[in-house]
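Q: Below: one structure in structure tokens.
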Amino acid sequence: MPIPPEVTGEEIDPDVRQELMSLPKGLAEDVSRNLVMVAQLIDEDPEKAYGYSRVALRLASRVAAVREAAGFAAYATQKYSEALAEFRAARRMSGGVELWPVMADCERGLNRPERALAMAGEPEVQKLDKAGQVEMRLVAAGARRDLGQLDAAIVTLQSPELASTAVHPWTARLRYAYADALLAAGREREAREWFAKALEADKDGATDASDRLAEMDGVEFVDAFDEDEADEESDRGDVVDVDGDVDVDDDEDDDFDEDDSDDSVGDKS
């Protein structure tokens, strides 16, 4: 797959670059450039990112960082079985536990929420940092919801991290998940309160908490572009009805008699 010439591979994370030093210099550069493309595209065009990850995997399948990148690219395209296999391989190579939550979420993607819950109770969870433990809690709550256990999902999310007023990178998502679970359980007043708290912590727009709040408040957003188009239609005297036909002003109707009706503007063949 073509890579823009301005992508040199130097943009790669230093830890990943260190891993790639085990490869011949030219090969390491090719792999790093493909990994940069994966990182750049995984949010906006996951299918393309997946393609670049497969190239990197073909070139250096014995590098843990490459297997991890391939796993995230597969995960982004909902290829959960493939993602899980890559994450497991990366974990065997690195010996770390950082991928444990996303591995559990792959189990959810494969319609195996019970396995995700079992993973939430494994000793690996205690080895995760705070962010990883919160992520695991989110996955476990999602698995509870998969099983229709709404009250258990709510309890799963109740934690010191949720109660804390401090804002961390995961705070908005945790509060949002709690609000969403409350809403699903019919606890609308509490849900609105927590959607507002999620919005307060969401500085990067990681959630759609503002839209959810507006929806709960009955606020409807009008697209300014559509509004301008409607004004233009009004100025021309044309009105578009619900069937997509165009009604013409009465003055113009006078130019048509019954014999001309088959040629009228609103006729649909």
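Residue names in the structure tokens use chain letters A, B, ... in the order shown, residue numbers from 1 in each chain, and ligand numbers from 1 in the order shown.
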Need to verify the contact set: Leu150 of chain A, 8 Å, only C-alpha atoms, exclusion of same-chain residues closer than 3 positions in sequence. Can you return it as a ChimeraX atom specification?

A: /A:144-145,153-154,181,184-185

Q: Could you pull out the alpha helix (DSSP H) residues of segment 15-208 of chain A from DSSP and send them as JSON, numbers by chain?

A: {"A": [15, 16, 17, 18, 19, 20, 25, 26, 27, 28, 29, 30, 31, 32, 33, 34, 35, 36, 37, 38, 39, 40, 41, 46, 47, 48, 49, 50, 51, 52, 53, 54, 55, 56, 57, 58, 59, 64, 65, 66, 67, 68, 69, 70, 71, 72, 73, 74, 75, 76, 80, 81, 82, 83, 84, 85, 86, 87, 88, 89, 90, 91, 92, 93, 94, 100, 101, 102, 103, 104, 105, 106, 107, 108, 109, 113, 114, 115, 116, 117, 118, 119, 120, 130, 131, 132, 133, 134, 135, 136, 137, 138, 139, 140, 141, 142, 143, 144, 145, 146, 150, 151, 152, 153, 154, 155, 156, 157, 160, 161, 162, 163, 171, 172, 173, 174, 175, 176, 177, 178, 179, 180, 181, 182, 183, 184, 188, 189, 190, 191, 192, 193, 194, 195, 196, 197, 198, 199, 200, 201]}

Q: List every residue of segment 30-60 of chain A that has an atom at most 9 Å from any atom of segment 64-79 of chain A, giving for each one its closest atom pair and the distance in Å to one decimal, counting only C-alpha atoms, sorted by chain and then by ascending residue number, as a Markdown table.

A:
```
| residue | atom | partner | partner_atom | distance |
| --- | --- | --- | --- | --- |
| A:Val31 | CA | A:Val66 | CA | 8.2 |
| A:Leu35 | CA | A:Ala69 | CA | 7.2 |
| A:Val38 | CA | A:Ala73 | CA | 7.2 |
| A:Ala39 | CA | A:Ala69 | CA | 8.2 |
| A:Ile42 | CA | A:Ala73 | CA | 6.5 |
| A:Asp43 | CA | A:Ala76 | CA | 7.9 |
| A:Pro46 | CA | A:Ala76 | CA | 5.9 |
| A:Glu47 | CA | A:Thr77 | CA | 6.4 |
| A:Ala49 | CA | A:Ala73 | CA | 6.1 |
| A:Tyr50 | CA | A:Ala73 | CA | 4.8 |
| A:Gly51 | CA | A:Ala73 | CA | 8.5 |
| A:Tyr52 | CA | A:Ala70 | CA | 8.7 |
| A:Ser53 | CA | A:Ala70 | CA | 5.0 |
| A:Arg54 | CA | A:Ala70 | CA | 6.7 |
| A:Ala56 | CA | A:Val66 | CA | 6.5 |
| A:Leu57 | CA | A:Val66 | CA | 6.0 |
| A:Ala60 | CA | A:Val66 | CA | 6.8 |
```

Q: With a distance cut-off of 10 Å and only C-alpha atoms, select the neighbouring residues of Cys106 of chain A, excluding the residue or stretch itself and same-chain residues fewer than 4 positions from it, and output the selection as a list in words.

A: Tyr75, Gln78, Lys79, Tyr80, Ser81, Glu82, Ala83, Leu84, Ala85, Phe87, Trp100, Pro101, Val102, Leu110, Asn111, Arg112, Pro113, Arg115, Ala116 and Val139 of chain A

Q: Looking at A:Leu59, A:Leu157, A:Val134, A:Met93, which one is nearest to Gly26 of chain A, with distances taken over only C-alpha atoms?

A: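 When distances to Gly26 of chain A are compared using only C-alpha atoms, the smallest one comes from A:Leu59.
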
Q: Excluding Pro169 of chain A and any residue of its chain fewer than 6 positions from it, enumerate the residues within 9 Å of it, using only C-alpha atoms, and give them as a list in words.

A: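 Selected residues are Ala131, Ala201 and Asp202 of chain A.
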
Q: Let's have the selection written as a PDB file, in the first residue's frame, with all heavy atoms.

A:
```pdb
ATOM      1  N   ALA A 131      -5.949   3.340  35.079  1.00  0.00           N
ATOM      2  CA  ALA A 131      -6.691   3.472  33.816  1.00  0.00           C
ATOM      3  C   ALA A 131      -7.151   2.111  33.309  1.00  0.00           C
ATOM      4  O   ALA A 131      -8.280   1.957  32.829  1.00  0.00           O
ATOM      5  CB  ALA A 131      -5.835   4.172  32.773  1.00  0.00           C
ATOM      6  N   ALA A 201     -16.662  16.761  32.334  1.00  0.00           N
ATOM      7  CA  ALA A 201     -15.309  16.188  32.307  1.00  0.00           C
ATOM      8  C   ALA A 201     -14.799  15.933  30.896  1.00  0.00           C
ATOM      9  O   ALA A 201     -13.618  15.641  30.718  1.00  0.00           O
ATOM     10  CB  ALA A 201     -15.293  14.877  33.094  1.00  0.00           C
ATOM     11  N   ASP A 202     -15.676  16.043  29.908  1.00  0.00           N
ATOM     12  CA  ASP A 202     -15.337  15.659  28.536  1.00  0.00           C
ATOM     13  C   ASP A 202     -14.766  16.842  27.757  1.00  0.00           C
ATOM     14  O   ASP A 202     -15.461  17.473  26.966  1.00  0.00           O
ATOM     15  CB  ASP A 202     -16.573  15.104  27.833  1.00  0.00           C
ATOM     16  CG  ASP A 202     -16.229  14.383  26.541  1.00  0.00           C
ATOM     17  OD1 ASP A 202     -15.040  14.344  26.190  1.00  0.00           O
ATOM     18  OD2 ASP A 202     -17.144  13.853  25.892  1.00  0.00           O
TER      19      ASP A 202
END
```

Q: Write out as a list in words which residues come within 10 Å of Glu98 of chain A when counting only C-alpha atoms, dropping same-chain ones fewer than 5 positions away.

A: Phe87, Arg91, Met103, Glu124, Val125, Lys127, Leu128, Asp129, Ala131, Gly132 and Gln133 of chain A

Q: In segment 107-247 of chain A, what's strand (DSSP E) per DSSP? Answer as a PyMOL selection string?

A: chain A and resi 239-240+246-247

Q: With all heavy atoms retained, could you export that selection as an mmCIF file, in the first residue's frame?

A:
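Result written to selection07.cif:
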```
data_model
loop_
_atom_site.group_PDB
_atom_site.id
_atom_site.type_symbol
_atom_site.label_atom_id
_atom_site.label_comp_id
_atom_site.auth_asym_id
_atom_site.auth_seq_id
_atom_site.Cartn_x
_atom_site.Cartn_y
_atom_site.Cartn_z
ATOM 1 N N VAL A 239 -42.614 25.037 -3.142
ATOM 2 C CA VAL A 239 -42.759 24.338 -1.878
ATOM 3 C C VAL A 239 -42.651 22.848 -2.137
ATOM 4 O O VAL A 239 -43.336 22.313 -2.996
ATOM 5 C CB VAL A 239 -44.130 24.650 -1.220
ATOM 6 C CG1 VAL A 239 -44.261 23.874 0.075
ATOM 7 C CG2 VAL A 239 -44.278 26.139 -0.974
ATOM 8 N N VAL A 240 -41.769 22.191 -1.390
ATOM 9 C CA VAL A 240 -41.595 20.755 -1.556
ATOM 10 C C VAL A 240 -42.480 20.045 -0.552
ATOM 11 O O VAL A 240 -42.375 20.278 0.645
ATOM 12 C CB VAL A 240 -40.117 20.362 -1.320
ATOM 13 C CG1 VAL A 240 -39.953 18.856 -1.513
ATOM 14 C CG2 VAL A 240 -39.215 21.124 -2.284
ATOM 15 N N VAL A 246 -43.027 18.950 -6.220
ATOM 16 C CA VAL A 246 -42.875 20.392 -6.137
ATOM 17 C C VAL A 246 -44.196 21.033 -6.496
ATOM 18 O O VAL A 246 -44.759 20.768 -7.566
ATOM 19 C CB VAL A 246 -41.778 20.894 -7.093
ATOM 20 C CG1 VAL A 246 -41.661 22.400 -7.018
ATOM 21 C CG2 VAL A 246 -40.455 20.239 -6.740
ATOM 22 N N ASP A 247 -44.740 21.846 -5.595
ATOM 23 C CA ASP A 247 -45.958 22.588 -5.876
ATOM 24 C C ASP A 247 -45.572 23.965 -6.389
ATOM 25 O O ASP A 247 -44.708 24.628 -5.826
ATOM 26 C CB ASP A 247 -46.793 22.741 -4.597
ATOM 27 C CG ASP A 247 -47.256 21.383 -4.076
ATOM 28 O OD1 ASP A 247 -47.413 20.482 -4.914
ATOM 29 O OD2 ASP A 247 -47.440 21.248 -2.853
#
```

Q: Set the distance at 7 Å and use only C-alpha atoms: which residues neighbour Trp194 of chain A once local chain neighbours fewer than 6 positions away are removed? I'd like the list as a PDB file with N, CA and C atoms, in the first residue's frame.

A:
```
ATOM      1  N   ARG A 175     -18.281   8.172  33.637  1.00  0.00           N
ATOM      2  CA  ARG A 175     -19.528   8.845  34.007  1.00  0.00           C
ATOM      3  C   ARG A 175     -20.600   8.632  32.942  1.00  0.00           C
ATOM      4  N   TYR A 176     -20.191   8.672  31.687  1.00  0.00           N
ATOM      5  CA  TYR A 176     -21.144   8.476  30.586  1.00  0.00           C
ATOM      6  C   TYR A 176     -21.737   7.069  30.638  1.00  0.00           C
ATOM      7  N   ALA A 179     -24.255   6.929  33.384  1.00  0.00           N
ATOM      8  CA  ALA A 179     -25.488   7.632  33.003  1.00  0.00           C
ATOM      9  C   ALA A 179     -26.317   6.791  32.037  1.00  0.00           C
TER      10      ALA A 179
END
```

Q: Excluding segment 4-6 of chain A and its own-chain neighbours fewer than 5 positions away, which residues fall within 12 Å of it when counting only C-alpha atoms? Please give them as a PyMOL selection string.

A: chain A and resi 11+30+33-34+36-37+40

Q: Calculate how many Å separate atom CA of Ser32 of chain A from atom CA of Pro2 of chain A, rounding to one decimal.

A: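 Computing it gives 13.8 Å between the two atoms.
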
Q: Of the candidates A:Ser94, A:Thr8, A:Lys130, A:Ala196, which shows the shortest atom-to-atom distance to His168 of chain A, using only C-alpha atoms?

A: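 Of all the options, A:Lys130 lies closest to His168 of chain A.
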